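For reference, the structure discussed in these notes is given below.
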Amino acid sequence: MDSPAVNVEGVTKTFITKSGDVTALQDISVTLVAGEFISLIGPSGCGKSTLLNIIGGLTSATSGKVLVHGAPVTAPPEEAGMMFQKPVLLEWRTILNNVLLPIELKSGKRESARHVNKAMELLTAVGLADFAGKYPHELSGGMQQRAAICRMLISDPQLLLLDEPFGALDELTREQLNLQLDRIVEGVHKTAILVTHSISEGTFLSDRVLVMSARPGRVIGVVNVDLPRPRTLDMMQTGEFLDLTNRVRALLESGHDFGEERISA
Ligand SMILES: Nc1ncnc2c1ncn2[C@@H]1O[C@H](COP(=O)(O)OP(=O)(O)OP(=O)(O)O)[C@@H](O)[C@H]1O
Ligand SMILES: [Mg+2]
């Protein structure tokens, strides 16, 4: 049998800081089969980015095991592509050259030149073909984020690690990018982990939504989303979708430490 795409087993992460130890994650286990899309949702500071960074090889777990396609993660895995809340494009490079950057860094300028057609195909797919020659400051935030999607996809990663990629965008732009992401992931059968604060975004895109508790982050519940694919925005209006989002919300509320600020209904 093939190894799972991602296997996280009993991961705990404690940061040692001057003001004391901070346990960000406690005993997290999750397995993804290839092609599966999951979301992580939970209160701010519950360790979502930390978990994504551990899977992406950017930081290590204090204890527990992380395997990507069967291999222990000790550095960023070849098959992983990451995307963050900010697009982090290089201001002095055109959009096309930003998209080509990972290839240039890994394999040099000649190889990067061979990827121009692919970069243009990706930019076309997200509606940015006419902006290939522009510089990042000439694009809106949503357009820059779309360029960042293309930069992530240029090296054809099998595993997408997405840390609130659309968090800073307005609701409608976000919905459009969610649709595009759904089509991209569906078409090429990629595995994806999305960190989000949006219940509807997580539900819309995922096969499973994992809800985490306040720090130290633990998985306190999983909501399976059996909606057919490709997903359509109309689905968000259905009773089934509302029911799923209500279940995520209820779990989220049960694991949220509202402290003094909780307003009773
Ligand atoms: N490098 C670090 N050193 C010390 N503590 C850290 C470090 N990185 C994260 N933490 C702490 O670990 C906890 C989890 O942080 P993390 O960034 O993973 O949360 P998050 O769930 O992504 O939050 P948000 O939703 O606000 O992005 C926080 O309490 C944070 O202060
Ligand atoms: Mg975070």
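Every chain in the structure tokens takes a letter, A first, then B, and so on in the order presented; its residues are numbered from 1, and the ligands are numbered from 1 following the presented order.
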Give me, as a short mmCIF file (atom, residue, chain, number, x, y, z; two decimals) with N, CA and C atoms, in the first residue's frame, all polymer residues having an atom no more than 8 Å from Thr245 (chain A), counting only C-alpha atoms and skipping those fewer than 5 positions away in the same chain.
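Wrote it out as selection-v2.cif, contents follow:
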```cif
data_model
loop_
_atom_site.label_atom_id
_atom_site.label_comp_id
_atom_site.auth_asym_id
_atom_site.auth_seq_id
_atom_site.Cartn_x
_atom_site.Cartn_y
_atom_site.Cartn_z
N ILE A 199 -14.72 29.84 8.80
CA ILE A 199 -15.44 28.57 8.87
C ILE A 199 -15.95 28.19 7.48
N SER A 200 -16.49 29.18 6.75
CA SER A 200 -17.06 28.84 5.44
C SER A 200 -15.97 28.49 4.44
N THR A 203 -14.74 24.95 5.24
CA THR A 203 -15.75 23.95 4.89
C THR A 203 -15.86 23.81 3.38
#
```
Sorted by chain and rising residue number, which residues of chain A lie within 7 Å of ligand 2, and what are their closest atom pairs and distances in Å to one decimal, counting only C-alpha atoms and all ligand atoms, as a tab-separated table?
```
residue	atom	partner	partner_atom_place_in_ligand_line	distance
A:Ser44	CA	ligand 2	1 (Mg)	7.0
A:Gly45	CA	ligand 2	1 (Mg)	6.9
A:Gly47	CA	ligand 2	1 (Mg)	7.0
A:Lys48	CA	ligand 2	1 (Mg)	5.6
A:Ser49	CA	ligand 2	1 (Mg)	4.1
A:Asp163	CA	ligand 2	1 (Mg)	6.7
```
**Asked** Which residue, A:Ser29, A:Leu179, A:His256, A:Pro102, has the smallest gap to Val126 (chain A) when you use only C-alpha atoms?
**Response**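 Selected residue with least distance to Val126 (chain A): A:Leu179.
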**Message:** Which residues are near Pro87 (chain A)? Cut-off 10 Å, only C-alpha atoms, ignore same chain within fewer than 5 positions. Put them as a PyMOL selection string.
**Reply:** chain A and resi 136+141-149+151+165-166
Counting only C-alpha atoms, what is within 12 Å of Pro216 (chain A), bar same-chain residues fewer than 3 positions away, as a short mmCIF file (atom, residue, chain, number, x, y, z; two decimals) with C-alpha atoms, in the first residue's frame?
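To be explicit, this is the file written out as selection-v9.cif:
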```
data_model
loop_
_atom_site.label_atom_id
_atom_site.label_comp_id
_atom_site.auth_asym_id
_atom_site.auth_seq_id
_atom_site.Cartn_x
_atom_site.Cartn_y
_atom_site.Cartn_z
CA VAL A 11 3.39 15.77 17.72
CA THR A 12 4.06 18.08 20.63
CA LYS A 13 5.90 21.38 20.31
CA THR A 14 7.24 23.39 23.21
CA PHE A 15 9.00 26.68 22.59
CA ASP A 21 8.21 27.40 28.13
CA VAL A 22 5.25 27.66 25.78
CA THR A 23 3.59 24.44 24.71
CA ALA A 24 2.06 25.36 21.37
CA LEU A 25 0.91 21.90 20.29
CA GLN A 26 -0.01 18.87 22.30
CA ASP A 27 -0.19 15.34 20.95
CA ILE A 28 -1.41 16.10 17.44
CA GLY A 42 -8.82 27.19 15.81
CA PRO A 43 -8.31 30.23 18.02
CA SER A 44 -5.39 32.57 17.42
CA GLY A 45 -2.22 31.22 19.02
CA CYS A 46 -3.37 27.58 19.12
CA GLY A 47 -0.42 26.41 17.02
CA LYS A 48 -1.84 26.16 13.49
CA THR A 50 3.50 25.95 14.04
CA LEU A 51 1.99 22.66 12.87
CA MET A 212 -8.28 22.84 17.38
CA SER A 213 -8.55 24.01 20.97
CA VAL A 219 -7.48 18.46 17.74
CA ILE A 220 -10.86 18.53 19.47
CA GLY A 255 -12.53 24.76 22.45
CA HIS A 256 -12.24 28.53 22.55
CA ASP A 257 -10.92 30.21 25.64
#
```
**Prompt:** Which is closest to ligand 1 among A:Val6, A:Met235, A:Val195, A:Met83, if we use only C-alpha atoms and all ligand atoms?
**Reply:**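 Residue with the minimum atom-to-atom distance to ligand 1: A:Val195.
The interatomic distance for the pair CA of Gly10 (chain A) and CA of Thr31 (chain A) works out to 11.2 Å.
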**Request:** Mind listing the strand (DSSP E) residues of region 45-77 of chain A, per DSSP on the backbone, as a PyMOL selection string?
**Result:** chain A and resi 63-68+71-72
**Request:** Write down as an MDAnalysis selection string the residues belonging to region 1-136 of chain A that are assigned alpha helix (DSSP H) by DSSP computed on the backbone.
**Result:** chainID A and resid 48:55 95:107 109:114 116:125
Go ahead and save the picked residues with C-alpha atoms, as a compact mmCIF listing (two decimals), in the first residue's frame.
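As a result, again-v1.txt now contains:
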```txt
# COMPACT_ATOMS: atom_id res chain seq x y z
CA LYS A 48 -1.84 26.16 13.49
CA SER A 49 1.12 27.90 11.82
CA THR A 50 3.50 25.95 14.04
CA LEU A 51 1.99 22.66 12.87
CA LEU A 52 2.15 23.72 9.22
CA ASN A 53 5.76 24.82 9.67
CA ILE A 54 6.65 21.47 11.24
CA ILE A 55 5.09 19.59 8.30
CA ILE A 95 5.14 39.04 -11.91
CA LEU A 96 6.38 36.47 -14.44
CA ASN A 97 9.86 36.50 -12.92
CA ASN A 98 8.43 36.22 -9.42
CA VAL A 99 6.50 33.13 -10.50
CA LEU A 100 9.68 31.67 -12.02
CA LEU A 101 11.82 32.41 -8.96
CA PRO A 102 11.63 28.96 -7.29
CA ILE A 103 12.84 27.30 -10.52
CA GLU A 104 15.64 29.84 -10.93
CA LEU A 105 16.80 29.37 -7.34
CA LYS A 106 16.73 25.61 -7.59
CA SER A 107 17.93 24.95 -11.13
CA LYS A 109 18.27 30.73 -15.25
CA ARG A 110 18.30 28.36 -18.20
CA GLU A 111 15.86 25.96 -16.56
CA SER A 112 13.74 28.90 -15.48
CA ALA A 113 13.53 30.09 -19.12
CA ARG A 114 12.16 26.66 -20.04
CA VAL A 116 8.03 30.46 -19.08
CA ASN A 117 5.19 28.75 -20.95
CA LYS A 118 4.10 26.91 -17.82
CA ALA A 119 4.24 30.14 -15.80
CA MET A 120 2.09 31.85 -18.41
CA GLU A 121 -0.41 28.97 -18.32
CA LEU A 122 -0.68 29.33 -14.54
CA LEU A 123 -1.05 33.11 -14.75
CA THR A 124 -3.74 32.67 -17.40
CA ALA A 125 -5.58 30.18 -15.18
```
**Item:** Selection: 7 Å around Glu36 (chain A), only C-alpha atoms, excl. self and same-chain fewer than 2 positions, as a PyMOL selection string
**Value:** chain A and resi 32-34+38+191-192+207
**Prompt:** Pick from A:Thr17, A:Tyr135, A:Gly81, A:Leu159: nearest to Val68 (chain A), with only C-alpha atoms counted?
**Reply:**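 Smallest distance to Val68 (chain A) is found for A:Leu159.
If only C-alpha atoms and all ligand atoms are the atoms counted, then among A:Leu67, A:Val211, A:Ala129, A:Val223 the closest residue to ligand 1 is A:Val211.
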**Asked** Which residue gives the smallest distance to ligand 1 among A:Ser206, A:Asn7, A:Gln237, A:Ser19, with only C-alpha atoms and all ligand atoms counted?
**Response**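 Using only C-alpha atoms and all ligand atoms, the shortest distance to ligand 1 belongs to A:Ser19.
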**Asked** Excluding same-chain residues fewer than 5 positions from Leu194 (chain A), what lies within 7 Å of it counting only C-alpha atoms, as a PyMOL selection string?
**Response** chain A and resi 38-40+161-164
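Across A:Phe37, A:Phe241, A:Trp92, A:Phe204, the tightest approach to Asn178 (chain A) is made by A:Phe204 when counting only C-alpha atoms.
The space between atom 8 (N, counted along the ligand's line) of ligand 1 and CA of Glu79 (chain A) spans 23.9 Å.
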**Complete:** Computed gap from CA of Val222 (chain A) to CA of Thr196 (chain A) is 14.7 Å
